[in-house]
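Chemist: I have a structure here, written as structure tokens, and I will follow up with some questions on it.
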Amino acid sequence: MIAVGDPLPGLRIESVSPEKMRQLAAVLRDPNPIHLDPAAVARLGLGDRVINQGPANLAYIINMLRAAFPASSLLQLDARFLANVFGGDAVEAGGRITFVTTETEGTRVGCETWLNVDGRGPAVTANAVLLLGGRS
Amino acid sequence: MAGEQPPQVAGTRLPGGEYRISSAENRALCEALLTEPAADGRAHEIYSYIATQSGMGVTVDGLLAICEFDAADGPMLGSSNSRFHSTLMTEVTYRVSGTILALTRKQSRKLGVMDVLEYRLTLESESGEPVLEVTNTWILPRRNLT
């Protein structure tokens, strides 16, 4: 039984991997050097470590939601990108339930979610709506 | 370069195109994102962003150029709002279309003069059934105007 206010199990990544950024850049065909080369980040005055792709940060939240609700479909996802995540950062995706409604197609669950960087706060926040037991 | 008003680009239709999420690409993406691919052919939901961006028929740099903005000036993804009408699947070809909704000039205490670019991308099946709608915003700092 789920209820409004329930926390979602957190998903923690102890160290965001520059190698995974490189793999993702290849998949996304995204040659932006800020994901690959610390010197490029430094030239822009943004720090001295590579910067994780924004969609990857949002994907960690999606992974957390998939783990919390394995038999669900995502209906809505409204994300705000607030800060960068750097190579080597420790991050944790988390959330809590904001509404639960029962409809003919299944149970709709609303969640507020976030990706927090240790010591710096949220990098991404997102409101999600999922359908449990509905469409395949 | 932009003057006091941003370029009038609202209503500009993007070329659009097609996007097909291969099983192999989905698997590689899931590995990079530290998760397992679904066993039933569903694609990772982050493809809501990736498939629309990749299939919109213009690169992000090209989209920013329409707004008379140089990508080297440090654009920032501000938000991405997705509405899923059906489940994104691998090995299915989707059609992508897009429209610029607004380019709005603002004054930021942190960034100075900046423009907020808002555009909508849609994904539909080859038979025309709606699959997904995404509205993204980018923050474009107009450093030369600050």
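Naming works like this for the structure tokens: A, B, ... for the chains as they're shown, residue 1 at the start of each chain, ligands 1 onward in shown order.
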Could you find all residues in chain A that DSSP calls alpha helix (DSSP H) from the backbone, and write them as a count of residues only?

Modeler: 32

Chemist: Which residues of chain B are close to chain A, meaning at most 9 Å apart when you count only C-alpha atoms, and how do they look as an MDAnalysis selection string?

Modeler: chainID B and resid 25:26 28:29 31:35 44:46 49:50 54 72:74 76:87

Chemist: Go through chain B and collect every residue that DSSP, computed from the backbone, puts in strand (DSSP E); the answer should be as JSON, numbers by chain.

Modeler: {"B": [13, 14, 15, 16, 17, 18, 19, 20, 76, 77, 78, 79, 80, 81, 82, 83, 84, 93, 94, 95, 96, 97, 98, 99, 100, 101, 102, 103, 104, 105, 106, 107, 108, 112, 113, 114, 115, 116, 117, 118, 119, 120, 121, 122, 123, 124, 125, 130, 131, 132, 133, 134, 135, 136, 137, 138, 139, 140, 141]}

Chemist: Mind pulling up the distance from CA of Arg142 (chain B) to CA of Val96 (chain B)?

Modeler: 29.5 Å

Chemist: Calculate how many Å separate CA of Cys111 (chain A) from CA of Leu132 (chain A), rounding to one decimal.

Modeler: 12.8 Å
